[in-house]
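Take a look at the structure below.
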Amino acid sequence: MGDALMSVPVLALQAVSKSFGPIEVLHGIDLALRAGEVHALIGENGAGKSTTMKILAGYQPATQGRLLLDGAEVTFENLHAGEKAGIVMIHQEFNLAEQLTVEQNIFLGRELTRGPFLNTSEMRKLTRSYLARVRCTVDPDAPVSTLSNSDKQLVEIAKALSREARVLIMDEPTAVLTANETDVLFEQVRILQQEGTAILFTSHKLDEVAEISDQVTILRDGHVVHAGATGQINEDGMATAMVGRDVSDLYPAKPGVAEDAETVLSVKGLTVSGHAQDIDIDLKRGEILGIGGLIGAGRTEAMEGLAGLRPAQTGELTLFGKSEQINAPADAQALGLNYLTEDRKLRGLLLNWQMRENLTLQTLYKFGGLMIDRRAESAALDTAIREFDVRAGSRDIKVGNLSGGNQQKLLLAKVMLAEPRILIVDEPTRGIDIGTKQQIYVFLRKLAAEGFSIIVISSEMPELIGLSDRIVVMRSGRIAGTLGEDDITEDAIVRLSMGLSATAGTTPPKQMA
Amino acid sequence: MTDIPLTTPARKMPSMAVLGPLLALIVLVVIGALMNPNFLSGANITNVLARSAFIGIIAVGMTFVITAGGLDLSVGSMAAFIAGLMILVMNAALPTMGVGVPIILLGMAVALVAGILAGLLNGFLITTLGIEAFIVTLGSMGIYRSLVTWLADGGTLSLDFSLRTFYRPVYFDGFLGISWPIIVFALVVIIGEIVMSRSVFGRHCAATGSNEHVAHYSNVNVNRTRLLTYAALGMLVGVATIMYVPRLGSASSSTGVLWELEAIAAVIIGGTVLKGGFGRVWGTVIGVLILSLIDNILNLTDFVSPYLNGAIQGVIIILAVILQRERKAGQ
């Protein structure tokens with residue numbers, strides 16, 4: 001950090017730690033934003049980028065350490081205090097009222113008045129000047145809902161200007177932008193930079209980081225593992241720094257898939273409009289296939305499309321040797337294919353219902369034809385509690401009051417009642433404790449050993465590597481590459497999901513362009 | 001209780017949300033009995049129940065629609081339209097069919113089919129086209145109301161006198177001293193309660209209303225479930241109309257006015273959650289009876305002006321919703 005000491009940072013973190021309950025997620029972070037500098041903050045999902053940004057913007061207080069504004073320690077009582085100090089954060093999902101016009105949005109909550117009336121002429125004049133500064137040509141009277149994503153991004157920046165932002169924090173600003181829109185955004189970023197604004201942004205696209213940033217800070221597991229001028233590190237170096245954990249023996253041994261195992265699922269040209277294009281996947285009997293990639297790469301959408309949960313086109317779908325069609329989730333279930341959602345609270349379980357009713361909701365046809373046999377349901381719950389080791393205070397407890405791990409086990413029990421032969425699990429261990437994670441890993445491996453086939457979507461590298469016999473990596477809605485058993489490394493997965501080739505030193509595959 | 005997860009604990013004391021409407025009903029009965037000795041007479045009880053039957057039958061259907069996360073504002077005008085249609089068809093068939101059971105059956109069939117079709121239409125617009133239930137049924141409410149006014153040419157559609165005399169017993173007579181509307185109401189309630197609390201369809205309705213995403217991911221056909229609730233409600237509007245037409249033998253633009261709001265009020269007073277996800281048919285019955293009893297007591301006594309009926313009903317509805325909210329906060 002030696003060369004970075006030329007001026008007092010506008011905003012800085014000094015030895016900042018952050019805990020949520022007993023769990024510390026940030027460990028002694030140092031970060032300094034300087035006027036006229038673009039700073040990139042990168043790291044894997046869950047490395048602590050969002051939390052760091054929220055502390056900088058005053059959304060969350062640090063548990064330990066100091067937040068320095070112009071070299072003096074400050075505490076922001078709330079996000080308005082941060083904004084008053086000139087720190088503006090732009091969220092990944094825009095914070096704009098879609099039905100209001102550009103001008104109304106820019107002055108939302110700080111409308112200029114003349115007497116009891118809105119001073120529209122003054123607001124319009126100022127709006128035009130802000131928009132001109134970011135070279136955005138939209139009409140101040142246009143409703144935000146009619147704007148493109150890049151224009152919305154520029155309006156957010158104009159809004160930041162209207163608040164006289166000295167520090168602009170952007171959470172993955174390019175995630176929703178096309179290449180052209182990204183270019184427009186970067187042009188504006190450079191202008192702001194020349195005007196002396198300090199800018200921090202996060203991105204999963206390492207080429208962009210290399211292109212636009214002056215400084216880069218790399219987080220891993222809540223630690224700063226690299227900090228310095230962007231010119232000092234190349235993209236491969238960034239990827240390597242982001243990775244670097246051991247895969248422990250949390251995972252059951254992989255027996256390997258038999259050479260002659262039959263292909264139970266073969267899908268060609270699976271397309272989910274707007275999310276995934278031309279996905280080809282083969283799955284063998286007894287195999288655990290991992291799907292890796294960044295959040296937003298279209299993994300969930302592709303698999304939901306396959307399972308009939310959202311509209312999708314398939315060129316060709318073969319299940320157990322027969323050509324099939326899946327148009328509704330019930331079709332998939334009838335064919336022995338089930339999808340277990342990543343979102344157990346909003347899509348998986350009815351939180352204000354009891355366990356019994358949740359367990360059987362997907363398979364009520366098994367519990368009586370027209371009338372429900374509650375005794376059979378209770379018996380099924382007994383079995384599920386035993387087999388999946390669901391720990392609840394009482395049977396009548398509402399599912400929302402169970403711990404995340406027990407909810408996940410109940411959800412797994414619910415899906416297993418449908419007796420799937422092919423099971424797709426999406427983020428099967430998100431937000432649950434390590435003990436339960438291990439139970440779920442053992443269960444999945446046991447299922448595979450019994451001849452079932454499993455697809456695992458996971459954003460946790462160790463999990464993906466520890467579980468999968470083979471890994472498909474998706475990027476921007478397409479398959480970026482497939483890694484066989486011997487090629488699976490964290491480095492290769494990260495490189496594929498970032499748009500590089502699987503091994504260092506070669507150019508990205510053609511399909512990425 | 002060492003084996004906690006595997007045992008079912010003793011039944012808890014029912015909550016205020018369960019007991020509240022029941023207590024309110026008992027209090028109303030006691031007040032009524034104290035204020036007027038005729039209140040508990042067989043004639044008055046029959047009168048209250050028979051008058052409750054129309055709203056009650058519709059409210060049972062409304063319970064399913066609301067439980068599945070929907071709403072139907074069109075039932076009152078739908079009833080008027082079906083009544084008008086039924087009368088027109090029966091009058092038209094009179095010269096060829098003559099007075100007799102067949103023509104009554106024809107009228108009933110017309111009412112049921114028209115009800116189911118009207119319900120399916122509402123359901124189709126709401127589920128397949130994805131338009132807000134409030135908007136769709138507000139629209140169809142206006143359409144049916146206007147159609148019946150048009151059919152009646154601004155006046156009243158009357159059933160032919162001979163037919164009216166023949167059909168009258170369906171409302172005024174009964175079986176073993178219980179009038180037909182009460183019997184039909186009771187049957188609808190019993191079937192409705194069983195379907196709601198014991199059947200796959202009832203469970204799917206509650207799941208859909210509770211969280212339609214979870215229902216979808218649990219392979220529940222959300223659209224079909226919702227569509228069926230509207231069709232069932234339409235059919236029950238047809239049933240209610242079948243019982244209503246013999247009472248007055250006519251239909252006009254003022255038939256069934258505000259029935260939709262009374263039915264929705266009864267459902268909510270009975271403890272069904274307006275946002276969906278939880279419904280109970282027996283609660284709806286209590287809601288209907290509470291509304292009818294208030295009306296009846298005000299008419300029988302001169303303690304409070306009957307003109308204040310609406311105000312008292314309004315207070316009861318708001319109280320019921322406050323009770324629901326407390327139950328949520330308590331858990």
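FYI, nothing fancy with the structure tokens labels: chains A, B, ... in order, residues from 1 per chain, ligands from 1 as they appear.
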Using only C-alpha atoms, what table do you get, as a Markdown table, when you list each residue of region 143-250 of chain B with an atom no more than 6 Å from region 33-57 of chain B, its nearest pair of atoms, and their distance in Å rounded to one decimal, rows by chain then rising number?
```
| residue | atom | partner | partner_atom | distance |
| --- | --- | --- | --- | --- |
| B:Pro181 | CA | B:Ala50 | CA | 5.6 |
| B:Ile182 | CA | B:Ala50 | CA | 5.4 |
| B:Phe185 | CA | B:Ala53 | CA | 5.5 |
| B:Ala240 | CA | B:Phe54 | CA | 5.0 |
```
What residues in chain A have any atom no more than 7 Å from chain B when counting only C-alpha atoms, and can you write them as a compact mmCIF listing (two decimals) with all heavy atoms, in the first residue's frame?
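Saved the output as result13.txt:
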```
# COMPACT_ATOMS: atom_id res chain seq x y z
N LEU A 309 -41.01 -25.66 -14.53
CA LEU A 309 -41.47 -24.63 -13.61
C LEU A 309 -41.56 -23.26 -14.27
O LEU A 309 -42.19 -22.36 -13.74
CB LEU A 309 -40.53 -24.55 -12.40
CG LEU A 309 -40.73 -25.70 -11.40
CD1 LEU A 309 -39.50 -25.91 -10.56
CD2 LEU A 309 -41.94 -25.42 -10.53
N PRO A 329 -44.67 -28.67 -14.09
CA PRO A 329 -43.92 -29.41 -13.07
C PRO A 329 -44.51 -30.80 -12.81
O PRO A 329 -43.77 -31.72 -12.47
CB PRO A 329 -44.01 -28.51 -11.84
CG PRO A 329 -44.99 -27.43 -12.15
CD PRO A 329 -45.08 -27.34 -13.63
N ALA A 330 -45.82 -30.93 -13.00
CA ALA A 330 -46.43 -32.24 -12.76
C ALA A 330 -45.92 -33.27 -13.77
O ALA A 330 -45.75 -34.44 -13.45
CB ALA A 330 -47.95 -32.13 -12.84
N LEU A 346 -39.36 -18.74 0.38
CA LEU A 346 -40.38 -18.12 -0.47
C LEU A 346 -40.94 -19.07 -1.52
O LEU A 346 -42.01 -18.83 -2.05
CB LEU A 346 -39.80 -16.88 -1.16
CG LEU A 346 -39.47 -15.73 -0.23
CD1 LEU A 346 -38.93 -14.55 -0.98
CD2 LEU A 346 -40.71 -15.32 0.56
N ARG A 347 -40.21 -20.15 -1.84
CA ARG A 347 -40.71 -21.05 -2.87
C ARG A 347 -40.82 -22.49 -2.39
O ARG A 347 -41.45 -23.31 -3.03
CB ARG A 347 -39.81 -21.01 -4.10
CG ARG A 347 -39.64 -19.61 -4.65
CD ARG A 347 -39.05 -19.60 -6.03
NE ARG A 347 -38.73 -18.26 -6.45
CZ ARG A 347 -39.63 -17.38 -6.85
NH1 ARG A 347 -40.88 -17.71 -6.91
NH2 ARG A 347 -39.26 -16.17 -7.20
N GLY A 348 -40.18 -22.79 -1.28
CA GLY A 348 -40.13 -24.19 -0.87
C GLY A 348 -41.17 -24.59 0.15
O GLY A 348 -41.81 -25.63 0.03
N LEU A 349 -41.36 -23.75 1.16
CA LEU A 349 -42.19 -24.15 2.28
C LEU A 349 -43.20 -23.06 2.62
O LEU A 349 -42.92 -21.88 2.45
CB LEU A 349 -41.32 -24.42 3.52
CG LEU A 349 -40.33 -25.58 3.42
CD1 LEU A 349 -39.35 -25.54 4.58
CD2 LEU A 349 -41.04 -26.92 3.37
N LEU A 350 -44.35 -23.49 3.12
CA LEU A 350 -45.34 -22.53 3.62
C LEU A 350 -45.00 -22.28 5.08
O LEU A 350 -45.24 -23.14 5.93
CB LEU A 350 -46.75 -23.08 3.45
CG LEU A 350 -47.20 -23.20 1.99
CD1 LEU A 350 -48.46 -24.02 1.87
CD2 LEU A 350 -47.39 -21.82 1.38
N LEU A 361 -47.58 -31.65 0.74
CA LEU A 361 -48.25 -30.78 -0.25
C LEU A 361 -47.97 -31.20 -1.69
O LEU A 361 -48.84 -31.16 -2.55
CB LEU A 361 -47.80 -29.33 -0.02
CG LEU A 361 -48.48 -28.28 -0.91
CD1 LEU A 361 -49.98 -28.30 -0.70
CD2 LEU A 361 -47.93 -26.90 -0.64
N GLN A 362 -46.74 -31.64 -1.94
CA GLN A 362 -46.35 -31.96 -3.31
C GLN A 362 -46.89 -33.32 -3.76
O GLN A 362 -46.95 -33.61 -4.95
CB GLN A 362 -44.82 -31.95 -3.39
CG GLN A 362 -44.29 -32.01 -4.79
CD GLN A 362 -42.91 -31.40 -4.87
OE1 GLN A 362 -42.44 -30.75 -3.94
NE2 GLN A 362 -42.24 -31.60 -5.98
N LEU A 364 -49.88 -34.97 -2.43
CA LEU A 364 -51.15 -35.25 -1.74
C LEU A 364 -51.90 -36.43 -2.35
O LEU A 364 -52.67 -37.10 -1.67
CB LEU A 364 -52.03 -33.99 -1.76
CG LEU A 364 -51.81 -33.02 -0.61
CD1 LEU A 364 -52.73 -31.82 -0.74
CD2 LEU A 364 -52.07 -33.70 0.73
N LEU A 370 -59.71 -38.19 -2.97
CA LEU A 370 -60.39 -36.91 -2.83
C LEU A 370 -60.17 -36.36 -1.42
O LEU A 370 -59.84 -35.21 -1.23
CB LEU A 370 -61.88 -37.13 -3.10
CG LEU A 370 -62.62 -35.97 -3.76
CD1 LEU A 370 -61.91 -35.53 -5.02
CD2 LEU A 370 -64.04 -36.40 -4.07
N MET A 371 -60.35 -37.24 -0.45
CA MET A 371 -60.18 -36.83 0.94
C MET A 371 -58.76 -37.17 1.40
O MET A 371 -58.19 -38.18 0.98
CB MET A 371 -61.17 -37.58 1.84
CG MET A 371 -62.61 -37.22 1.54
SD MET A 371 -62.93 -35.47 1.86
CE MET A 371 -63.58 -34.96 0.29
N ILE A 372 -58.24 -36.37 2.29
CA ILE A 372 -56.87 -36.59 2.76
C ILE A 372 -56.88 -37.51 3.98
O ILE A 372 -57.66 -37.31 4.91
CB ILE A 372 -56.22 -35.25 3.14
CG1 ILE A 372 -56.14 -34.35 1.90
CG2 ILE A 372 -54.84 -35.46 3.74
CD1 ILE A 372 -55.79 -32.92 2.21
N ASP A 382 -43.68 -38.94 10.65
CA ASP A 382 -42.83 -39.72 11.57
C ASP A 382 -41.61 -40.25 10.83
O ASP A 382 -40.48 -40.13 11.29
CB ASP A 382 -43.62 -40.91 12.14
CG ASP A 382 -44.70 -40.44 13.10
OD1 ASP A 382 -44.61 -39.30 13.57
OD2 ASP A 382 -45.64 -41.23 13.36
N ALA A 392 -37.35 -30.68 15.71
CA ALA A 392 -38.31 -29.62 15.98
C ALA A 392 -38.78 -29.75 17.41
O ALA A 392 -38.82 -30.85 17.96
CB ALA A 392 -39.51 -29.73 15.03
N GLY A 393 -39.11 -28.64 18.02
CA GLY A 393 -39.59 -28.66 19.40
C GLY A 393 -40.84 -29.48 19.54
O GLY A 393 -40.96 -30.32 20.43
N SER A 394 -41.77 -29.29 18.62
CA SER A 394 -42.98 -30.09 18.64
C SER A 394 -43.47 -30.27 17.21
O SER A 394 -43.05 -29.53 16.31
CB SER A 394 -44.06 -29.42 19.49
OG SER A 394 -44.95 -28.70 18.67
N ARG A 395 -44.34 -31.23 17.02
CA ARG A 395 -44.84 -31.48 15.66
C ARG A 395 -45.70 -30.34 15.16
O ARG A 395 -45.87 -30.17 13.97
CB ARG A 395 -45.68 -32.75 15.66
CG ARG A 395 -44.91 -34.00 15.95
CD ARG A 395 -45.90 -35.11 16.11
NE ARG A 395 -46.56 -35.38 14.84
CZ ARG A 395 -46.25 -36.41 14.07
NH1 ARG A 395 -45.31 -37.23 14.44
NH2 ARG A 395 -46.88 -36.60 12.95
```
Determine which residues of region 328-357 of chain A receive a DSSP assignment of strand (DSSP E or B), computed from the backbone, and state them as a VMD selection string.
-> chain A and resid 337 to 340 354
Kindly export the residues of the current selection with all heavy atoms, as a PDB file, in the first residue's frame.
```pdb
ATOM      1  N   LEU A 337     -38.601 -36.776 -12.293  1.00  0.00           N
ATOM      2  CA  LEU A 337     -37.625 -35.699 -12.181  1.00  0.00           C
ATOM      3  C   LEU A 337     -38.192 -34.622 -11.250  1.00  0.00           C
ATOM      4  O   LEU A 337     -39.311 -34.165 -11.441  1.00  0.00           O
ATOM      5  CB  LEU A 337     -37.346 -35.111 -13.572  1.00  0.00           C
ATOM      6  CG  LEU A 337     -36.282 -34.022 -13.679  1.00  0.00           C
ATOM      7  CD1 LEU A 337     -35.547 -34.162 -14.998  1.00  0.00           C
ATOM      8  CD2 LEU A 337     -36.860 -32.635 -13.582  1.00  0.00           C
ATOM      9  N   ASN A 338     -37.423 -34.275 -10.234  1.00  0.00           N
ATOM     10  CA  ASN A 338     -37.873 -33.236  -9.311  1.00  0.00           C
ATOM     11  C   ASN A 338     -36.799 -32.187  -9.090  1.00  0.00           C
ATOM     12  O   ASN A 338     -35.607 -32.483  -9.110  1.00  0.00           O
ATOM     13  CB  ASN A 338     -38.265 -33.837  -7.962  1.00  0.00           C
ATOM     14  CG  ASN A 338     -39.694 -34.335  -7.965  1.00  0.00           C
ATOM     15  OD1 ASN A 338     -39.950 -35.496  -8.236  1.00  0.00           O
ATOM     16  ND2 ASN A 338     -40.617 -33.442  -7.692  1.00  0.00           N
ATOM     17  N   TYR A 339     -37.272 -30.973  -8.871  1.00  0.00           N
ATOM     18  CA  TYR A 339     -36.365 -29.844  -8.632  1.00  0.00           C
ATOM     19  C   TYR A 339     -36.588 -29.331  -7.220  1.00  0.00           C
ATOM     20  O   TYR A 339     -37.720 -29.103  -6.810  1.00  0.00           O
ATOM     21  CB  TYR A 339     -36.666 -28.742  -9.651  1.00  0.00           C
ATOM     22  CG  TYR A 339     -36.032 -27.414  -9.343  1.00  0.00           C
ATOM     23  CD1 TYR A 339     -34.717 -27.154  -9.707  1.00  0.00           C
ATOM     24  CD2 TYR A 339     -36.756 -26.414  -8.679  1.00  0.00           C
ATOM     25  CE1 TYR A 339     -34.132 -25.929  -9.419  1.00  0.00           C
ATOM     26  CE2 TYR A 339     -36.179 -25.185  -8.394  1.00  0.00           C
ATOM     27  CZ  TYR A 339     -34.866 -24.952  -8.764  1.00  0.00           C
ATOM     28  OH  TYR A 339     -34.290 -23.738  -8.479  1.00  0.00           O
ATOM     29  N   LEU A 340     -35.507 -29.177  -6.485  1.00  0.00           N
ATOM     30  CA  LEU A 340     -35.595 -28.655  -5.122  1.00  0.00           C
ATOM     31  C   LEU A 340     -35.087 -27.218  -5.136  1.00  0.00           C
ATOM     32  O   LEU A 340     -33.940 -26.960  -5.460  1.00  0.00           O
ATOM     33  CB  LEU A 340     -34.763 -29.532  -4.189  1.00  0.00           C
ATOM     34  CG  LEU A 340     -34.914 -29.289  -2.697  1.00  0.00           C
ATOM     35  CD1 LEU A 340     -34.841 -30.606  -1.950  1.00  0.00           C
ATOM     36  CD2 LEU A 340     -33.839 -28.367  -2.186  1.00  0.00           C
ATOM     37  N   GLN A 354     -47.869 -26.082   9.380  1.00  0.00           N
ATOM     38  CA  GLN A 354     -47.119 -27.065  10.160  1.00  0.00           C
ATOM     39  C   GLN A 354     -46.335 -27.994   9.238  1.00  0.00           C
ATOM     40  O   GLN A 354     -46.505 -27.982   8.029  1.00  0.00           O
ATOM     41  CB  GLN A 354     -48.096 -27.890  11.003  1.00  0.00           C
ATOM     42  CG  GLN A 354     -48.869 -27.022  11.979  1.00  0.00           C
ATOM     43  CD  GLN A 354     -49.876 -27.820  12.757  1.00  0.00           C
ATOM     44  OE1 GLN A 354     -50.010 -29.022  12.562  1.00  0.00           O
ATOM     45  NE2 GLN A 354     -50.572 -27.152  13.649  1.00  0.00           N
TER      46      GLN A 354
END
```
Name the residues in contact with Glu259 (chain A) at a cut-off of 12 Å, using only C-alpha atoms, excluding same-chain residues fewer than 4 positions from it; report them as an NGL selection string.
-> :A and (255 or 263 or 284-287)
Give me the residues within 9 Å of Arg226 (chain B) as a PyMOL selection string, counting only C-alpha atoms and dropping any in the same chain fewer than 3 places off.
-> chain B and resi 64-65+68-70+123+126-127+205+208+221-223+229-231
With N, CA, C and O atoms retained, could you export that selection as a compact mmCIF listing (two decimals), in the first residue's frame?
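Saved to part-v5.txt:
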```txt
# COMPACT_ATOMS: atom_id res chain seq x y z
N PHE B 64 -64.05 -20.22 -0.41
CA PHE B 64 -63.02 -20.90 -1.21
C PHE B 64 -62.24 -19.90 -2.06
O PHE B 64 -61.01 -19.96 -2.15
N VAL B 65 -62.98 -18.97 -2.68
CA VAL B 65 -62.31 -17.99 -3.54
C VAL B 65 -61.32 -17.16 -2.73
O VAL B 65 -60.17 -16.97 -3.12
N ALA B 68 -58.23 -19.07 -1.53
CA ALA B 68 -57.24 -19.28 -2.58
C ALA B 68 -56.60 -17.97 -3.04
O ALA B 68 -55.90 -17.93 -4.05
N GLY B 69 -56.88 -16.89 -2.32
CA GLY B 69 -56.21 -15.63 -2.62
C GLY B 69 -56.95 -14.77 -3.63
O GLY B 69 -56.37 -13.86 -4.20
N GLY B 70 -58.23 -15.05 -3.87
CA GLY B 70 -58.99 -14.27 -4.85
C GLY B 70 -60.07 -13.43 -4.20
O GLY B 70 -60.09 -13.25 -2.97
N GLY B 123 -63.00 -16.59 -13.68
CA GLY B 123 -61.77 -17.32 -13.37
C GLY B 123 -60.79 -17.30 -14.52
O GLY B 123 -59.58 -17.13 -14.32
N ILE B 126 -59.10 -13.98 -14.75
CA ILE B 126 -58.19 -13.74 -13.62
C ILE B 126 -56.95 -14.61 -13.72
O ILE B 126 -55.83 -14.13 -13.54
N THR B 127 -57.13 -15.90 -14.04
CA THR B 127 -55.97 -16.79 -14.00
C THR B 127 -55.21 -16.79 -15.33
O THR B 127 -54.03 -16.48 -15.35
N CYS B 205 -56.23 -25.10 -2.25
CA CYS B 205 -56.73 -23.72 -2.19
C CYS B 205 -55.95 -22.93 -1.15
O CYS B 205 -55.47 -21.82 -1.41
N THR B 208 -52.37 -22.28 -2.25
CA THR B 208 -52.32 -21.26 -3.30
C THR B 208 -52.46 -19.87 -2.69
O THR B 208 -51.74 -18.94 -3.03
N ASN B 221 -51.32 -27.09 -9.33
CA ASN B 221 -51.70 -26.29 -10.50
C ASN B 221 -52.47 -25.06 -10.02
O ASN B 221 -53.68 -25.10 -9.82
N VAL B 222 -51.73 -24.00 -9.79
CA VAL B 222 -52.28 -22.80 -9.15
C VAL B 222 -53.45 -22.22 -9.95
O VAL B 222 -54.51 -21.93 -9.40
N ASN B 223 -53.27 -22.10 -11.26
CA ASN B 223 -54.33 -21.51 -12.09
C ASN B 223 -55.60 -22.35 -12.07
O ASN B 223 -56.69 -21.83 -11.97
N THR B 229 -62.21 -22.51 -7.99
CA THR B 229 -62.91 -21.82 -6.91
C THR B 229 -63.95 -20.85 -7.48
O THR B 229 -65.06 -20.76 -6.95
N TYR B 230 -63.59 -20.16 -8.58
CA TYR B 230 -64.56 -19.24 -9.18
C TYR B 230 -65.74 -20.00 -9.79
O TYR B 230 -66.89 -19.57 -9.68
N ALA B 231 -65.44 -21.14 -10.43
CA ALA B 231 -66.52 -21.93 -11.02
C ALA B 231 -67.46 -22.45 -9.92
O ALA B 231 -68.68 -22.43 -10.07
```
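In this model, the gap between CA of Glu450 (chain A) and CA of Val264 (chain A) comes to 14.1 Å.
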Helix (DSSP H, G or I) positions in region 135-251 of chain B, given as a ChimeraX atom specification = /B:135-151,161-167,169-172,180-198,200-210,212-217,222-248
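Among the candidate residues B:Glu260, B:Glu132, B:Asp153, B:Asp295, the one lying nearest to Met78 (chain B) is B:Glu260, with distances computed using only C-alpha atoms.
Take the candidates A:Asn358, A:Gln193, A:Thr363, A:Thr314 and check each one against Gln407 (chain A) using only C-alpha atoms; the shortest distance goes to A:Asn358.
If you look at CA of Ala413 (chain A) and CA of Ala380 (chain A), they are 9.6 Å away from each other.
In this structure, CA of Ile90 (chain A) sits 19.3 Å away from CA of Ala132 (chain A).
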Show which residues sit within 12 Å of Leu270 (chain A), as a CSV table (one decimal) with C-alpha atoms, in the first residue's frame. Count only C-alpha atoms, and ignore same-chain residues fewer than 5 positions away.
```csv
chain,number,residue,atom,x,y,z
A,275,HIS,CA,-31.9,-16.5,-19.1
A,276,ALA,CA,-30.3,-19.5,-20.8
A,277,GLN,CA,-29.5,-20.5,-24.4
A,278,ASP,CA,-28.7,-23.8,-26.0
A,279,ILE,CA,-27.9,-25.7,-22.8
A,280,ASP,CA,-26.9,-29.3,-23.5
A,281,ILE,CA,-26.7,-31.6,-20.5
A,282,ASP,CA,-26.2,-35.4,-20.1
A,298,GLY,CA,-28.9,-18.6,-15.6
A,299,ARG,CA,-28.3,-21.9,-13.8
A,301,GLU,CA,-33.6,-20.6,-14.6
A,302,ALA,CA,-32.2,-23.3,-16.9
A,303,MET,CA,-33.0,-26.0,-14.4
A,304,GLU,CA,-36.4,-24.6,-13.6
A,305,GLY,CA,-37.1,-24.6,-17.3
A,306,LEU,CA,-36.0,-28.2,-17.5
A,307,ALA,CA,-38.4,-29.1,-14.6
A,308,GLY,CA,-41.3,-27.4,-16.2
A,311,PRO,CA,-41.6,-21.6,-19.9
A,312,ALA,CA,-38.7,-23.2,-21.8
A,313,GLN,CA,-37.9,-24.7,-25.2
A,314,THR,CA,-36.0,-27.9,-25.5
A,315,GLY,CA,-34.6,-29.1,-28.8
A,316,GLU,CA,-34.6,-32.7,-27.6
A,317,LEU,CA,-35.2,-34.3,-24.2
A,325,GLN,CA,-41.8,-33.5,-23.2
A,326,ILE,CA,-42.1,-31.5,-20.0
A,477,GLY,CA,-26.8,-18.1,-19.9
A,478,ARG,CA,-24.5,-20.4,-21.8
A,479,ILE,CA,-22.3,-23.3,-20.9
```
Find the residues of region 172-250 of chain A that sit at most 12 Å from region 42-51 of chain A; for each, write down the nearest two atoms and how far apart they are in Å, to one decimal. Count only C-alpha atoms. Sort by chain, then by number going up, and give it as CSV.
```
residue,atom,partner,partner_atom,distance
A:Glu172,CA,A:Ile42,CA,9.8
A:Leu200,CA,A:Ile42,CA,10.5
A:Phe201,CA,A:Ile42,CA,8.5
A:Thr202,CA,A:Ile42,CA,5.7
A:Ser203,CA,A:Ile42,CA,6.2
A:His204,CA,A:Ile42,CA,6.9
A:Lys205,CA,A:Ile42,CA,9.1
A:Leu206,CA,A:Ile42,CA,8.5
A:Asp207,CA,A:Ile42,CA,11.9
A:Glu208,CA,A:Ile42,CA,11.2
A:Val209,CA,A:Ile42,CA,8.5
A:Ala210,CA,A:Ile42,CA,11.3
A:Ser213,CA,A:Ile42,CA,11.3
A:Gln215,CA,A:Ile42,CA,10.9
A:Val216,CA,A:Ile42,CA,7.5
A:Thr217,CA,A:Ile42,CA,6.4
A:Ile218,CA,A:Ile42,CA,5.0
A:Leu219,CA,A:Gly43,CA,4.9
A:Arg220,CA,A:Ala47,CA,4.9
A:Asp221,CA,A:Ala47,CA,4.5
A:Gly222,CA,A:Gly48,CA,5.2
A:His223,CA,A:Ala47,CA,7.9
A:Val224,CA,A:Gly43,CA,9.4
A:Val225,CA,A:Gly43,CA,9.5
A:His226,CA,A:Ile42,CA,9.9
A:Ala227,CA,A:Ile42,CA,10.3
A:Thr230,CA,A:Ile42,CA,11.7
A:Glu235,CA,A:Ile42,CA,11.5
A:Met238,CA,A:Ile42,CA,8.4
A:Ala239,CA,A:Gly43,CA,8.6
A:Thr240,CA,A:Gly43,CA,10.5
A:Ala241,CA,A:Gly43,CA,8.6
A:Met242,CA,A:Gly43,CA,5.4
A:Val243,CA,A:Glu44,CA,7.7
A:Gly244,CA,A:Glu44,CA,10.9
A:Arg245,CA,A:Glu44,CA,11.6
```
Residues at most 12 Å from Thr165 (chain B), counting only C-alpha atoms, excluding those fewer than 6 positions away in the same chain, as a ChimeraX atom specification?
-> /B:99-100,104,159,171-172,245-249
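The nearest approach to Asn105 (chain A) among the residues A:Asp139, A:Lys125, A:Ile55, A:Lys159, with only C-alpha atoms taken into account, belongs to A:Lys159.
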